[in-house]
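Colleague: So that we are looking at the same thing, I have put the structure below in structure tokens.
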Amino acid sequence: MGKSTVTLASGHDMPLVGFGLWKVPKETAAETVYNAIKVGYRLFDGAYDYQNEKEAGEGIRRAIDEGLVKREEIFITTKLWNNYHRKEHALAMAKKQNAAWGLGYIDLYLIHFPCALEYIDPSIRQYPAWWMDEAGAIALDKVPIRETWEALETVVDQGISRSIGISNFQAQSIYDILSYARHPISSLQIEHHPYLVQPDLVTMAQENGIIVTAYSSFGPQSFLELPPAFSKRAKVTALLFDTEPVKKAAKKYNVTPAQVLLRWATQRDIAVIPKSNNHERLAQNLQVTDFDMTKEELEDISALDQGLRFNDPGFYLTQPIRIFA
Ligand code: NAD
């Protein structure tokens with residue numbers, strides 16, 4: 001039986017398995033989150049970008065009001081969108097997002113991507129996006145990561161979030177942040193599945209006390225349902241569920257391929273945040289810390305690595321931003 005929480009560098013504990021809120025519709029988010037709490041989920045991974053923070057917060061508050069959980073048993077991760085990297089905007093967004101969740105504080109606040117886009121007043125354009133207009137124009141802004149990171153440190157100082165971290169960053173900028181960070185980088189959230197293992201990045205984070213959180217643990221599966229630019233790579237890739245080492249381990253441990261993919265991460269102390277709207281899958285995705293694969297089995301799964309990234313703004317944007325180059 002493996003552990004089910006990890007301690008972040010901030011000193012706070014985080015569940016190893018959570019529920020991802022990307023593509024959970026606003027209309028059903030409160031109910032989905034409330035049901036996920038009933039199934040046993042305690043970590044919710046949100047973002048300003050997902051446009052369902054208020055509704056997710058409502059679902060959590062309902063569970064708290066009904067006595068199912070206490071606030072301190074719940075762990076909320078959310079993220080700062082790219083248009084708000086300037087220090088005054090980052091602080092204002094953290095406050096606005098915290099108010100939307102309505103739970104008093106955020107547990108972990110992440111910089112969503114390591115690139116700044118021009119500011120857009122959130123009261124004028126209420127949905128976040130990569131592009132500035134319908135034609136898909138991209139407008140980068142000139143904001144150093146240091147300014148944004150220091151704004152997140154202020155977010156901690158002001159008690160808005162307990163821990164802070166980054167997402168979609170690579171080692172060079174992480175070394176840079178480490179050179180001035182006043183509050184620790186608690187987590188690095190990255191695309192991580194057997195087609196995109198990034199072993200050096202994971203090792204670099206872990207040896208610097210940063211907990212890695214994997215997103216899109218099922219690889220292509222999540223991207224198949226997206227518009228063509230985002231699904232192009234996924235559509236020509238075999239599902240990870242159907243690969244030999246995954247199927248073999250699933251059979252041996254009497255679990256599903258999805259559970260093997262999630263355990264492949266958690267067994268290496270990497271947190272996972274799978275998303276499902278299906279009750280049975282919700283339950284099975286949570287049961288991924290109670291069987292141990294052998295070192296060879298983990299390595300056979302890692303050997304599926306192709307350096308294949310599905311969430312790549314250097315690929316899907318009409319004016320690519322090559323953050324992973
Ligand atoms: P995911 O890997 O969790 O896959 C979701 C897909 O897998 C859905 O199609 C779902 O129906 C299916 N699925 C779920 N459980 C299954 C099971 N047991 N068996 C078979 N199929 C199953 O994908 P994701 O949503 O891309 O990633 C998870 C979360 O990570 C997101 O919801 C979001 O919170 C986060 N995320 C973060 C970033 C980032 O930039 N930081 C990017 C993408 C996702």
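Chain labels A, B, ... are given in the sequence in which chains occur in the structure tokens; within each chain residues are numbered consecutively from 1, and ligands are likewise numbered from 1 in the order shown.
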Please build the interface table for chain A against ligand 1 with a cut-off of 9 Å, listing for each qualifying residue the nearest atom pair and the distance in Å to one decimal; count only C-alpha atoms and all ligand atoms, order rows by chain and increasing number, and write it as a Markdown table.
Modeller:
| residue | atom | partner | partner_atom_place_in_ligand_line | distance |
| --- | --- | --- | --- | --- |
| A:Gly18 | CA | ligand 1 | 34 (O) | 8.7 |
| A:Phe19 | CA | ligand 1 | 34 (O) | 6.8 |
| A:Gly20 | CA | ligand 1 | 32 (O) | 3.2 |
| A:Leu21 | CA | ligand 1 | 32 (O) | 4.3 |
| A:Trp22 | CA | ligand 1 | 32 (O) | 3.8 |
| A:Lys23 | CA | ligand 1 | 32 (O) | 6.6 |
| A:Val24 | CA | ligand 1 | 32 (O) | 7.6 |
| A:Phe44 | CA | ligand 1 | 34 (O) | 7.6 |
| A:Asp45 | CA | ligand 1 | 34 (O) | 4.6 |
| A:Gly46 | CA | ligand 1 | 34 (O) | 5.5 |
| A:Ala47 | CA | ligand 1 | 34 (O) | 7.5 |
| A:Tyr50 | CA | ligand 1 | 34 (O) | 8.2 |
| A:Thr77 | CA | ligand 1 | 34 (O) | 8.8 |
| A:Thr78 | CA | ligand 1 | 34 (O) | 8.7 |
| A:Lys79 | CA | ligand 1 | 41 (N) | 7.9 |
| A:Leu110 | CA | ligand 1 | 41 (N) | 8.4 |
| A:Ile111 | CA | ligand 1 | 41 (N) | 8.7 |
| A:His112 | CA | ligand 1 | 41 (N) | 5.7 |
| A:Phe113 | CA | ligand 1 | 40 (O) | 6.8 |
| A:Ile166 | CA | ligand 1 | 41 (N) | 8.4 |
| A:Ser167 | CA | ligand 1 | 41 (N) | 5.2 |
| A:Asn168 | CA | ligand 1 | 40 (O) | 6.2 |
| A:Leu188 | CA | ligand 1 | 41 (N) | 9.0 |
| A:Gln189 | CA | ligand 1 | 41 (N) | 5.7 |
| A:Ile190 | CA | ligand 1 | 41 (N) | 6.1 |
| A:Glu191 | CA | ligand 1 | 42 (C) | 6.7 |
| A:His193 | CA | ligand 1 | 2 (O) | 8.4 |
| A:Thr213 | CA | ligand 1 | 30 (O) | 8.8 |
| A:Ala214 | CA | ligand 1 | 30 (O) | 7.1 |
| A:Tyr215 | CA | ligand 1 | 30 (O) | 3.9 |
| A:Ser216 | CA | ligand 1 | 2 (O) | 3.2 |
| A:Ser217 | CA | ligand 1 | 2 (O) | 4.1 |
| A:Phe218 | CA | ligand 1 | 2 (O) | 3.9 |
| A:Gly219 | CA | ligand 1 | 2 (O) | 5.8 |
| A:Pro220 | CA | ligand 1 | 2 (O) | 7.7 |
| A:Gln221 | CA | ligand 1 | 6 (C) | 5.2 |
| A:Ser222 | CA | ligand 1 | 6 (C) | 4.1 |
| A:Phe223 | CA | ligand 1 | 26 (O) | 6.8 |
| A:Leu224 | CA | ligand 1 | 9 (O) | 7.7 |
| A:Glu225 | CA | ligand 1 | 9 (O) | 7.3 |
| A:Phe241 | CA | ligand 1 | 20 (C) | 7.7 |
| A:Thr256 | CA | ligand 1 | 18 (N) | 7.2 |
| A:Pro257 | CA | ligand 1 | 19 (N) | 7.3 |
| A:Ala258 | CA | ligand 1 | 18 (N) | 4.8 |
| A:Gln259 | CA | ligand 1 | 18 (N) | 6.6 |
| A:Val272 | CA | ligand 1 | 28 (C) | 7.7 |
| A:Ile273 | CA | ligand 1 | 29 (C) | 5.0 |
| A:Pro274 | CA | ligand 1 | 3 (O) | 3.3 |
| A:Lys275 | CA | ligand 1 | 3 (O) | 4.0 |
| A:Ser276 | CA | ligand 1 | 14 (C) | 4.3 |
| A:Asn277 | CA | ligand 1 | 11 (O) | 6.7 |
| A:Asn278 | CA | ligand 1 | 11 (O) | 7.3 |
| A:Glu280 | CA | ligand 1 | 18 (N) | 7.8 |
| A:Arg281 | CA | ligand 1 | 18 (N) | 4.3 |
| A:Leu282 | CA | ligand 1 | 15 (N) | 6.6 |
| A:Ala283 | CA | ligand 1 | 18 (N) | 8.3 |
| A:Gln284 | CA | ligand 1 | 18 (N) | 6.1 |
| A:Asn285 | CA | ligand 1 | 18 (N) | 5.5 |
| A:Asn311 | CA | ligand 1 | 42 (C) | 6.6 |
Colleague: Got a sec to tell me which of range 97-275 of chain A DSSP assigns to strand (DSSP E or B), as number ranges by chain?
Modeller: A: 106-111, 117, 140, 161-167, 185-191, 193, 196, 211-215, 271-272
Colleague: Save out the residues we just selected, C-alpha atoms, as a JSON list (two decimals), in the first residue's frame.
Modeller:
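Once written, again.json looks like this:
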[["chain", "number", "residue", "atom", "x", "y", "z"],
["A", 106, "ILE", "CA", -6.35, 28.61, -2.27],
["A", 107, "ASP", "CA", -4.03, 25.70, -1.42],
["A", 108, "LEU", "CA", -1.73, 25.87, -4.44],
["A", 109, "TYR", "CA", -1.53, 28.67, -7.00],
["A", 110, "LEU", "CA", 0.46, 27.98, -10.18],
["A", 111, "ILE", "CA", 1.75, 30.07, -13.07],
["A", 117, "LEU", "CA", 0.40, 37.52, -23.15],
["A", 140, "LEU", "CA", 3.18, 38.31, -26.27],
["A", 161, "SER", "CA", -2.68, 30.87, -1.26],
["A", 162, "ARG", "CA", -0.76, 28.55, 1.04],
["A", 163, "SER", "CA", 1.64, 27.21, -1.56],
["A", 164, "ILE", "CA", 2.76, 28.31, -5.02],
["A", 165, "GLY", "CA", 4.25, 26.63, -8.05],
["A", 166, "ILE", "CA", 4.57, 26.51, -11.80],
["A", 167, "SER", "CA", 3.21, 24.60, -14.76],
["A", 185, "ILE", "CA", 8.35, 26.15, -5.63],
["A", 186, "SER", "CA", 5.99, 23.56, -4.16],
["A", 187, "SER", "CA", 4.89, 21.83, -7.35],
["A", 188, "LEU", "CA", 5.69, 21.62, -11.04],
["A", 189, "GLN", "CA", 2.70, 20.52, -13.09],
["A", 190, "ILE", "CA", 3.60, 19.07, -16.48],
["A", 191, "GLU", "CA", 2.25, 16.88, -19.22],
["A", 193, "HIS", "CA", 2.60, 10.06, -19.59],
["A", 196, "LEU", "CA", 6.27, 12.01, -22.83],
["A", 211, "ILE", "CA", 6.65, 17.76, -6.21],
["A", 212, "VAL", "CA", 5.84, 16.87, -9.80],
["A", 213, "THR", "CA", 2.17, 16.71, -10.76],
["A", 214, "ALA", "CA", 1.34, 14.90, -14.00],
["A", 215, "TYR", "CA", -1.41, 16.11, -16.28],
["A", 271, "ALA", "CA", 0.79, 13.31, -8.24],
["A", 272, "VAL", "CA", -2.00, 12.73, -10.78]]
Colleague: Which is closer to Tyr34 in chain A than all the others in A:Ala129, A:Gln158, A:Ile74, A:Leu201, using only C-alpha atoms?
Modeller: A:Ile74
Colleague: Report, in Å to a single decimal, how far apart CA of Val236 in chain A and CA of Val260 in chain A are.
Modeller: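 The value is 22.4 Å.
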Colleague: Need to verify the contact set: range 314-318 of chain A, 12 Å, only C-alpha atoms, exclusion of same-chain residues closer than 4 positions in sequence. Can you return it as a list of chain:residue names?
Modeller: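 Near neighbours after the sequence-gap exclusion: A:Cys115, A:Ala129, A:Trp130, A:Trp131, A:Met132, A:Glu134, A:Ala135, A:Gly136, A:Ala137, A:Ile138, A:Ala139, A:Phe223, A:Leu226, A:Pro227, A:Pro228, A:Ala229, A:Phe230, A:Ser231, A:Lys232, A:Arg233, A:Leu308, A:Arg309, A:Phe310, A:Arg322, A:Ile323, A:Phe324, A:Ala325.
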Colleague: Skip Met293 in chain A itself and residues of its chain fewer than 5 positions away, then list as a PDB file with all heavy atoms, in the first residue's frame all residues within 8 Å of it, counting only C-alpha atoms.
Modeller:
ATOM      1  N   ALA A 249       0.532  -5.309 -17.448  1.00  0.00           N
ATOM      2  CA  ALA A 249       0.490  -4.993 -16.016  1.00  0.00           C
ATOM      3  C   ALA A 249      -0.955  -4.976 -15.516  1.00  0.00           C
ATOM      4  O   ALA A 249      -1.248  -5.449 -14.405  1.00  0.00           O
ATOM      5  CB  ALA A 249       1.171  -3.646 -15.746  1.00  0.00           C
ATOM      6  N   TRP A 264       1.764   4.172 -12.497  1.00  0.00           N
ATOM      7  CA  TRP A 264       3.118   4.393 -13.059  1.00  0.00           C
ATOM      8  C   TRP A 264       3.655   5.741 -12.572  1.00  0.00           C
ATOM      9  O   TRP A 264       4.838   5.890 -12.289  1.00  0.00           O
ATOM     10  CB  TRP A 264       3.024   4.330 -14.584  1.00  0.00           C
ATOM     11  CG  TRP A 264       4.248   4.741 -15.328  1.00  0.00           C
ATOM     12  CD1 TRP A 264       5.383   4.009 -15.531  1.00  0.00           C
ATOM     13  CD2 TRP A 264       4.468   5.989 -15.998  1.00  0.00           C
ATOM     14  NE1 TRP A 264       6.288   4.724 -16.278  1.00  0.00           N
ATOM     15  CE2 TRP A 264       5.748   5.941 -16.575  1.00  0.00           C
ATOM     16  CE3 TRP A 264       3.694   7.144 -16.168  1.00  0.00           C
ATOM     17  CZ2 TRP A 264       6.293   6.995 -17.319  1.00  0.00           C
ATOM     18  CZ3 TRP A 264       4.218   8.197 -16.893  1.00  0.00           C
ATOM     19  CH2 TRP A 264       5.509   8.117 -17.457  1.00  0.00           C
ATOM     20  N   LEU A 298       7.729  -0.875 -14.463  1.00  0.00           N
ATOM     21  CA  LEU A 298       7.719   0.597 -14.595  1.00  0.00           C
ATOM     22  C   LEU A 298       8.610   1.016 -15.772  1.00  0.00           C
ATOM     23  O   LEU A 298       8.250   1.884 -16.572  1.00  0.00           O
ATOM     24  CB  LEU A 298       8.216   1.264 -13.304  1.00  0.00           C
ATOM     25  CG  LEU A 298       7.326   1.125 -12.063  1.00  0.00           C
ATOM     26  CD1 LEU A 298       8.011   1.707 -10.830  1.00  0.00           C
ATOM     27  CD2 LEU A 298       5.973   1.814 -12.262  1.00  0.00           C
TER      28      LEU A 298
END
Colleague: Contacts of Ala9 in chain A at 7 Å or less, counting only C-alpha atoms, minus same-chain residues fewer than 2 places along, as an MDAnalysis selection string?
Modeller: chainID A and resid 7 11 184 186 209:210
Colleague: For a quick check of understanding, using only C-alpha atoms, which of A:Leu262, A:Ile37, A:Ile60, A:Ile321 has the smallest distance to Asp290 in chain A?
Modeller: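 Answer, going by the shortest atom-to-atom distance: A:Leu262.
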Colleague: Please, what distance in Å, to one decimal, runs between CA of Met204 in chain A and CA of Ala151 in chain A?
Modeller: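 One can read the CA of Met204 in chain A to CA of Ala151 in chain A distance as 24.2 Å.
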